[in-house]
$ cat structure-v8.cif   # mmCIF, C-alpha atoms and all ligand atoms; chains and numbers go by the auth columns
data_upload
loop_
_atom_site.group_PDB
_atom_site.id
_atom_site.type_symbol
_atom_site.label_atom_id
_atom_site.label_comp_id
_atom_site.label_asym_id
_atom_site.label_seq_id
_atom_site.Cartn_x
_atom_site.Cartn_y
_atom_site.Cartn_z
_atom_site.B_iso_or_equiv
_atom_site.auth_seq_id
_atom_site.auth_asym_id
ATOM 1 C CA MET A 1 -15.097 -2.312 7.579 0.00 13 A
ATOM 2 C CA SER A 2 -17.995 0.079 7.841 0.00 14 A
ATOM 3 C CA HIS A 3 -20.057 0.456 10.980 0.00 15 A
ATOM 4 C CA PRO A 4 -23.659 1.507 11.377 0.00 16 A
ATOM 5 C CA LYS A 5 -23.569 5.149 12.369 0.00 17 A
ATOM 6 C CA ILE A 6 -24.207 6.115 15.980 0.00 18 A
ATOM 7 C CA PRO A 7 -26.960 8.755 16.039 0.00 19 A
ATOM 8 C CA ALA A 8 -25.394 12.160 16.788 0.00 20 A
ATOM 9 C CA LYS A 9 -27.361 12.775 19.991 0.00 21 A
ATOM 10 C CA VAL A 10 -26.518 9.310 21.342 0.00 22 A
ATOM 11 C CA LEU A 11 -22.861 9.749 20.461 0.00 23 A
ATOM 12 C CA ALA A 12 -22.745 13.111 22.254 0.00 24 A
ATOM 13 C CA GLU A 13 -24.397 11.557 25.320 0.00 25 A
ATOM 14 C CA LEU A 14 -22.036 8.566 25.344 0.00 26 A
ATOM 15 C CA GLN A 15 -19.004 10.865 25.105 0.00 27 A
ATOM 16 C CA ARG A 16 -20.374 13.056 27.880 0.00 28 A
ATOM 17 C CA GLN A 17 -21.051 10.044 30.116 0.00 29 A
ATOM 18 C CA LEU A 18 -17.610 8.576 29.422 0.00 30 A
ATOM 19 C CA ASN A 19 -16.120 11.785 30.795 0.00 31 A
ATOM 20 C CA GLN A 20 -18.572 11.875 33.693 0.00 32 A
ATOM 21 C CA GLU A 21 -17.318 8.412 34.709 0.00 33 A
ATOM 22 C CA LEU A 22 -13.711 9.641 34.530 0.00 34 A
ATOM 23 C CA GLY A 23 -14.717 12.691 36.570 0.00 35 A
ATOM 24 C CA ALA A 24 -16.306 10.383 39.153 0.00 36 A
ATOM 25 C CA ALA A 25 -13.011 8.467 39.437 0.00 37 A
ATOM 26 C CA HIS A 26 -11.195 11.789 39.922 0.00 38 A
ATOM 27 C CA THR A 27 -13.621 12.798 42.688 0.00 39 A
ATOM 28 C CA TYR A 28 -13.330 9.402 44.393 0.00 40 A
ATOM 29 C CA ARG A 29 -9.540 9.735 44.384 0.00 41 A
ATOM 30 C CA ALA A 30 -9.841 13.061 46.229 0.00 42 A
ATOM 31 C CA LEU A 31 -12.223 11.405 48.719 0.00 43 A
ATOM 32 C CA ALA A 32 -9.797 8.501 49.197 0.00 44 A
ATOM 33 C CA PHE A 33 -6.900 10.876 49.887 0.00 45 A
ATOM 34 C CA TRP A 34 -8.961 12.832 52.405 0.00 46 A
ATOM 35 C CA CYS A 35 -9.933 9.626 54.243 0.00 47 A
ATOM 36 C CA GLU A 36 -6.334 8.397 54.280 0.00 48 A
ATOM 37 C CA GLU A 37 -5.197 11.677 55.771 0.00 49 A
ATOM 38 C CA GLN A 38 -7.938 11.356 58.422 0.00 50 A
ATOM 39 C CA ASN A 39 -6.786 7.783 59.225 0.00 51 A
ATOM 40 C CA LEU A 40 -10.086 6.421 57.971 0.00 52 A
ATOM 41 C CA LYS A 41 -8.410 3.513 56.244 0.00 53 A
ATOM 42 C CA GLY A 42 -11.571 1.500 55.644 0.00 54 A
ATOM 43 C CA PHE A 43 -13.282 4.382 53.875 0.00 55 A
ATOM 44 C CA ALA A 44 -10.084 5.152 51.971 0.00 56 A
ATOM 45 C CA ARG A 45 -10.057 1.590 50.666 0.00 57 A
ATOM 46 C CA TYR A 46 -13.727 1.791 49.794 0.00 58 A
ATOM 47 C CA PHE A 47 -13.161 4.988 47.795 0.00 59 A
ATOM 48 C CA HIS A 48 -10.084 3.518 46.098 0.00 60 A
ATOM 49 C CA LYS A 49 -12.246 0.634 44.968 0.00 61 A
ATOM 50 C CA GLN A 50 -14.744 3.141 43.591 0.00 62 A
ATOM 51 C CA ILE A 51 -11.959 4.757 41.508 0.00 63 A
ATOM 52 C CA ASP A 52 -11.355 1.408 39.797 0.00 64 A
ATOM 53 C CA ASP A 53 -15.084 0.881 39.266 0.00 65 A
ATOM 54 C CA GLU A 54 -15.589 4.293 37.664 0.00 66 A
ATOM 55 C CA GLN A 55 -12.570 3.835 35.414 0.00 67 A
ATOM 56 C CA ARG A 56 -13.960 0.492 34.322 0.00 68 A
ATOM 57 C CA HIS A 57 -17.281 2.187 33.549 0.00 69 A
ATOM 58 C CA ALA A 58 -15.481 4.730 31.358 0.00 70 A
ATOM 59 C CA ASP A 59 -13.626 1.887 29.606 0.00 71 A
ATOM 60 C CA LYS A 60 -16.897 0.056 29.023 0.00 72 A
ATOM 61 C CA ILE A 61 -18.353 3.065 27.201 0.00 73 A
ATOM 62 C CA ALA A 62 -15.081 3.559 25.304 0.00 74 A
ATOM 63 C CA ALA A 63 -15.135 -0.092 24.179 0.00 75 A
ATOM 64 C CA HIS A 64 -18.701 0.343 22.925 0.00 76 A
ATOM 65 C CA LEU A 65 -17.674 3.408 20.888 0.00 77 A
ATOM 66 C CA ILE A 66 -14.614 1.649 19.458 0.00 78 A
ATOM 67 C CA ASP A 67 -16.717 -1.402 18.552 0.00 79 A
ATOM 68 C CA ARG A 68 -18.938 0.970 16.610 0.00 80 A
ATOM 69 C CA GLY A 69 -16.044 2.625 14.811 0.00 81 A
ATOM 70 C CA VAL A 70 -15.781 5.818 16.870 0.00 82 A
ATOM 71 C CA LEU A 71 -12.679 7.054 18.638 0.00 83 A
ATOM 72 C CA PRO A 72 -13.572 7.979 22.263 0.00 84 A
ATOM 73 C CA GLU A 73 -12.702 11.529 23.268 0.00 85 A
ATOM 74 C CA THR A 74 -11.274 12.067 26.727 0.00 86 A
ATOM 75 C CA GLY A 75 -11.916 15.613 27.881 0.00 87 A
ATOM 76 C CA ALA A 76 -10.595 17.874 30.615 0.00 88 A
ATOM 77 C CA LEU A 77 -11.741 17.052 34.151 0.00 89 A
ATOM 78 C CA ALA A 78 -12.790 19.654 36.696 0.00 90 A
ATOM 79 C CA ALA A 79 -10.774 19.749 39.912 0.00 91 A
ATOM 80 C CA PRO A 80 -12.705 17.740 42.492 0.00 92 A
ATOM 81 C CA ARG A 81 -13.441 18.971 45.977 0.00 93 A
ATOM 82 C CA HIS A 82 -10.557 17.741 48.126 0.00 94 A
ATOM 83 C CA SER A 83 -11.412 18.851 51.656 0.00 95 A
ATOM 84 C CA PHE A 84 -14.348 18.042 53.925 0.00 96 A
ATOM 85 C CA LYS A 85 -15.459 19.096 57.410 0.00 97 A
ATOM 86 C CA SER A 86 -16.440 15.586 58.435 0.00 98 A
ATOM 87 C CA LEU A 87 -16.849 12.034 57.207 0.00 99 A
ATOM 88 C CA LEU A 88 -20.561 12.714 56.912 0.00 100 A
ATOM 89 C CA GLU A 89 -19.850 15.614 54.563 0.00 101 A
ATOM 90 C CA ALA A 90 -17.520 13.387 52.526 0.00 102 A
ATOM 91 C CA VAL A 91 -20.034 10.562 52.121 0.00 103 A
ATOM 92 C CA LEU A 92 -22.796 13.069 51.315 0.00 104 A
ATOM 93 C CA HIS A 93 -20.522 14.319 48.543 0.00 105 A
ATOM 94 C CA ALA A 94 -20.163 10.737 47.259 0.00 106 A
ATOM 95 C CA GLN A 95 -23.941 10.257 47.424 0.00 107 A
ATOM 96 C CA ALA A 96 -24.544 13.439 45.400 0.00 108 A
ATOM 97 C CA LEU A 97 -21.960 12.234 42.885 0.00 109 A
ATOM 98 C CA GLU A 98 -23.780 8.935 42.421 0.00 110 A
ATOM 99 C CA GLN A 99 -27.133 10.677 42.102 0.00 111 A
ATOM 100 C CA SER A 100 -25.802 12.907 39.347 0.00 112 A
ATOM 101 C CA ASN A 101 -24.169 9.890 37.696 0.00 113 A
ATOM 102 C CA THR A 102 -27.595 8.220 37.629 0.00 114 A
ATOM 103 C CA GLN A 103 -28.996 11.318 35.928 0.00 115 A
ATOM 104 C CA GLY A 104 -26.184 11.090 33.378 0.00 116 A
ATOM 105 C CA VAL A 105 -26.852 7.411 32.656 0.00 117 A
ATOM 106 C CA HIS A 106 -30.556 8.123 32.264 0.00 118 A
ATOM 107 C CA GLY A 107 -29.702 10.935 29.848 0.00 119 A
ATOM 108 C CA VAL A 108 -27.806 8.501 27.612 0.00 120 A
ATOM 109 C CA TYR A 109 -30.651 6.015 27.821 0.00 121 A
ATOM 110 C CA GLU A 110 -33.278 8.589 26.899 0.00 122 A
ATOM 111 C CA ALA A 111 -31.265 9.639 23.849 0.00 123 A
ATOM 112 C CA ALA A 112 -30.846 5.970 22.850 0.00 124 A
ATOM 113 C CA LEU A 113 -34.593 5.360 23.232 0.00 125 A
ATOM 114 C CA GLU A 114 -35.469 8.397 21.175 0.00 126 A
ATOM 115 C CA ALA A 115 -33.038 7.467 18.397 0.00 127 A
ATOM 116 C CA LYS A 116 -34.039 3.774 18.496 0.00 128 A
ATOM 117 C CA ASP A 117 -30.378 2.947 19.120 0.00 129 A
ATOM 118 C CA TYR A 118 -30.922 -0.570 20.475 0.00 130 A
ATOM 119 C CA SER A 119 -27.294 -1.442 21.135 0.00 131 A
ATOM 120 C CA ALA A 120 -26.740 1.690 23.224 0.00 132 A
ATOM 121 C CA GLN A 121 -29.969 0.878 25.096 0.00 133 A
ATOM 122 C CA VAL A 122 -28.658 -2.573 25.993 0.00 134 A
ATOM 123 C CA LEU A 123 -25.326 -1.095 27.103 0.00 135 A
ATOM 124 C CA MET A 124 -27.195 1.350 29.341 0.00 136 A
ATOM 125 C CA HIS A 125 -29.259 -1.428 30.952 0.00 137 A
ATOM 126 C CA TRP A 126 -26.046 -2.529 32.674 0.00 138 A
ATOM 127 C CA PHE A 127 -25.347 1.017 33.863 0.00 139 A
ATOM 128 C CA ILE A 128 -28.897 1.567 35.077 0.00 140 A
ATOM 129 C CA LYS A 129 -28.673 -1.554 37.261 0.00 141 A
ATOM 130 C CA GLU A 130 -25.198 -0.575 38.434 0.00 142 A
ATOM 131 C CA GLN A 131 -26.471 2.846 39.537 0.00 143 A
ATOM 132 C CA VAL A 132 -29.204 1.289 41.690 0.00 144 A
ATOM 133 C CA GLU A 133 -26.468 -0.510 43.638 0.00 145 A
ATOM 134 C CA GLU A 134 -24.149 2.497 43.704 0.00 146 A
ATOM 135 C CA GLU A 135 -26.890 4.709 45.108 0.00 147 A
ATOM 136 C CA GLN A 136 -27.839 2.054 47.638 0.00 148 A
ATOM 137 C CA TRP A 137 -24.259 1.831 48.928 0.00 149 A
ATOM 138 C CA SER A 138 -23.749 5.573 49.015 0.00 150 A
ATOM 139 C CA THR A 139 -26.984 5.956 50.995 0.00 151 A
ATOM 140 C CA GLU A 140 -25.897 3.232 53.402 0.00 152 A
ATOM 141 C CA MET A 141 -22.592 5.076 53.939 0.00 153 A
ATOM 142 C CA VAL A 142 -24.471 8.294 54.692 0.00 154 A
ATOM 143 C CA GLU A 143 -26.786 6.540 57.157 0.00 155 A
ATOM 144 C CA ARG A 144 -23.859 4.820 58.892 0.00 156 A
ATOM 145 C CA ALA A 145 -21.900 8.076 59.116 0.00 157 A
ATOM 146 C CA GLU A 146 -24.974 9.817 60.553 0.00 158 A
ATOM 147 C CA GLY A 147 -25.200 7.105 63.205 0.00 159 A
ATOM 148 C CA ALA A 148 -21.515 7.327 64.200 0.00 160 A
ATOM 149 C CA SER A 149 -20.944 10.929 65.154 0.00 161 A
ATOM 150 C CA CYS A 150 -18.441 10.507 68.013 0.00 162 A
ATOM 151 C CA ALA A 151 -14.754 9.653 67.392 0.00 163 A
ATOM 152 C CA GLY A 152 -15.059 6.132 68.825 0.00 164 A
ATOM 153 C CA GLY A 153 -18.145 5.404 66.759 0.00 165 A
ATOM 154 C CA MET A 154 -16.284 6.665 63.709 0.00 166 A
ATOM 155 C CA SER A 155 -13.336 4.296 64.063 0.00 167 A
ATOM 156 C CA ASP A 156 -15.687 1.361 64.746 0.00 168 A
ATOM 157 C CA LEU A 157 -17.518 2.277 61.570 0.00 169 A
ATOM 158 C CA ASP A 158 -14.250 2.492 59.650 0.00 170 A
ATOM 159 C CA ARG A 159 -13.252 -1.010 60.827 0.00 171 A
ATOM 160 C CA HIS A 160 -16.693 -2.240 59.850 0.00 172 A
ATOM 161 C CA ILE A 161 -16.150 -0.947 56.308 0.00 173 A
ATOM 162 C CA GLU A 162 -12.797 -2.756 56.201 0.00 174 A
ATOM 163 C CA ARG A 163 -14.519 -6.013 57.162 0.00 175 A
ATOM 164 C CA TYR A 164 -17.101 -5.410 54.421 0.00 176 A
ATOM 165 C CA LEU A 165 -14.308 -4.996 51.890 0.00 177 A
ATOM 166 C CA ALA A 166 -12.540 -8.141 53.097 0.00 178 A
ATOM 167 C CA GLN A 167 -15.782 -10.063 52.605 0.00 179 A
ATOM 168 C CA GLY A 168 -16.133 -8.742 49.065 0.00 180 A
ATOM 169 C CA VAL A 169 -19.506 -7.209 49.898 0.00 181 A
ATOM 170 C CA PHE A 170 -18.995 -4.421 47.352 0.00 182 A
ATOM 171 C CA ALA A 171 -19.353 -6.520 44.210 0.00 183 A
ATOM 172 C CA ASP A 172 -18.153 -5.011 40.951 0.00 184 A
ATOM 173 C CA ASP A 173 -20.994 -6.044 38.718 0.00 185 A
ATOM 174 C CA PRO A 174 -24.667 -5.475 39.265 0.00 186 A
ATOM 175 C CA LYS A 175 -26.721 -8.453 40.309 0.00 187 A
ATOM 176 C CA SER A 176 -28.928 -9.553 37.467 0.00 188 A
HETATM 177 FE FE FE B . -19.972 4.823 37.225 0.00 201 A
HETATM 178 FE FE FE B . -20.411 5.055 40.793 0.00 202 A
#

$ encode --input "structure-v8.cif" --output "structure tokens"
Amino acid sequence: MSHPKIPAKVLAELQRQLNQELGAAHTYRALAFWCEEQNLKGFARYFHKQIDDEQRHADKIAAHLIDRGVLPETGALAAPRHSFKSLLEAVLHAQALEQSNTQGVHGVYEAALEAKDYSAQVLMHWFIKEQVEEEQWSTEMVERAEGASCAGGMSDLDRHIERYLAQGVFADDPKS
């Protein structure tokens, strides 16, 4: 069966973003390990959930490529930062990660617009909405960490995050 060709620029952007999502999972794993070692179990669970989300994002792009007759290419991942001076520094790192992920998603979308690749545009609509939520959560984490600078405040905050997770506040799919 023959497939309509993916424009070269769009294909390159989709491959790049697929690997950016895998890189995000790798970074979140390092963040989760750091939190576990700091006994910040709530944050560790939050970051572990992010690993799953980012891997699902990579799989979503891979499925799109396969549906269009292209074998996804998984590349080498850079070693993530694994050590942080404080929880605030860790969540700032996560926020910067999400901001650069948004840039990556927008890059794919711009290429898809330019090439009039409608199916890639529709795929990216999901990611664009997802990034609004991801950035919102990462900003909330930064603001909460800024507000809880003492040790007691920090463990209260960590328990608060655990309650959030138990309530399923961090939904997987963007609201539509
Ligand atoms: Fe993602
Ligand atoms: Fe993300």

$ closest_residue --input "structure-v8.cif" --among "A:Gly180, A:Arg171, A:Phe45, A:Lys17" --to "A:Asp79" --atoms "only C-alpha atoms"
A:Lys17

$ closest_residue --input "structure-v8.cif" --among "A:Ala42, A:Val134, A:Leu177, A:Leu83" --to "A:Ala106" --atoms "all atoms listed in the file"
A:Ala42

$ closest_residue --input "structure-v8.cif" --among "A:Gln62, A:Pro16, A:Glu25, A:Leu99" --to "A:Ala123" --atoms "all atoms listed in the file"
A:Glu25

$ closest_residue --input "structure-v8.cif" --among "A:Asp129, A:Asp71, A:Asp168, A:Glu110" --to "A:Glu142" --atoms "only C-alpha atoms"
A:Glu110

$ closest_atom_pairs --input "structure-v8.cif" --of "chain A" --to "ligand FE 201 (chain A)" --cutoff "12 Å" --atoms "all atoms listed in the file" --output "tab-separated table"
residue	atom	partner	partner_atom	distance
A:Gln29	CA	A:FE201	FE	8.9
A:Leu30	CA	A:FE201	FE	9.0
A:Asn31	CA	A:FE201	FE	10.2
A:Gln32	CA	A:FE201	FE	8.0
A:Glu33	CA	A:FE201	FE	5.1
A:Leu34	CA	A:FE201	FE	8.3
A:Gly35	CA	A:FE201	FE	9.5
A:Ala36	CA	A:FE201	FE	6.9
A:Ala37	CA	A:FE201	FE	8.2
A:His38	CA	A:FE201	FE	11.5
A:Thr39	CA	A:FE201	FE	11.6
A:Tyr40	CA	A:FE201	FE	10.8
A:Lys61	CA	A:FE201	FE	11.7
A:Gln62	CA	A:FE201	FE	8.4
A:Ile63	CA	A:FE201	FE	9.1
A:Asp64	CA	A:FE201	FE	9.6
A:Asp65	CA	A:FE201	FE	6.6
A:Glu66	CA	A:FE201	FE	4.4
A:Gln67	CA	A:FE201	FE	7.7
A:Arg68	CA	A:FE201	FE	8.0
A:His69	CA	A:FE201	FE	5.3
A:Ala70	CA	A:FE201	FE	7.4
A:Asp71	CA	A:FE201	FE	10.3
A:Lys72	CA	A:FE201	FE	10.0
A:Ile73	CA	A:FE201	FE	10.3
A:Ala106	CA	A:FE201	FE	11.6
A:Leu109	CA	A:FE201	FE	9.5
A:Glu110	CA	A:FE201	FE	7.6
A:Gln111	CA	A:FE201	FE	10.5
A:Ser112	CA	A:FE201	FE	10.2
A:Asn113	CA	A:FE201	FE	6.6
A:Thr114	CA	A:FE201	FE	8.4
A:Gln115	CA	A:FE201	FE	11.2
A:Gly116	CA	A:FE201	FE	9.6
A:Val117	CA	A:FE201	FE	8.7
A:Met136	CA	A:FE201	FE	11.2
A:Trp138	CA	A:FE201	FE	10.6
A:Phe139	CA	A:FE201	FE	7.4
A:Ile140	CA	A:FE201	FE	9.7
A:Lys141	CA	A:FE201	FE	10.8
A:Glu142	CA	A:FE201	FE	7.6
A:Gln143	CA	A:FE201	FE	7.2
A:Val144	CA	A:FE201	FE	10.8
A:Glu145	CA	A:FE201	FE	10.6
A:Glu146	CA	A:FE201	FE	8.1
A:Glu147	CA	A:FE201	FE	10.5
A:Asp184	CA	A:FE201	FE	10.7
A:Asp185	CA	A:FE201	FE	11.0
A:Pro186	CA	A:FE201	FE	11.5

$ atom_distance --input "structure-v8.cif" --atom1 "atom CA of A:Ala90" --atom2 "atom CA of A:Glu48"
21.9 Å

$ atom_distance --input "structure-v8.cif" --atom1 "atom CA of A:Glu101" --atom2 "atom CA of A:Tyr176"
21.2 Å

$ closest_residue --input "structure-v8.cif" --among "A:Thr86, A:Ser150, A:Asn51, A:Ser167" --to "ligand FE 202 (chain A)" --atoms "all atoms listed in the file"
A:Ser150

$ resolve_selection --input "structure-v8.cif" --expression "the PyMOL selection byres (((chain A and resi 54) around 7) and not hetatm)" --output "ChimeraX atom specification"
/A:52-53,55-58,170-171,173-174

$ residues_around --input "structure-v8.cif" --residues "A:Ala157" --least-positions-apart "6" --cutoff "8 Å" --atoms "all atoms listed in the file" --output "list in words"
Leu99, Leu100, Val103, Met166 and Leu169 of chain A

$ closest_residue --input "structure-v8.cif" --among "A:Ala102, A:Ala108, A:Val22, A:Leu135" --to "ligand FE 202 (chain A)" --atoms "all atoms listed in the file"
A:Ala108
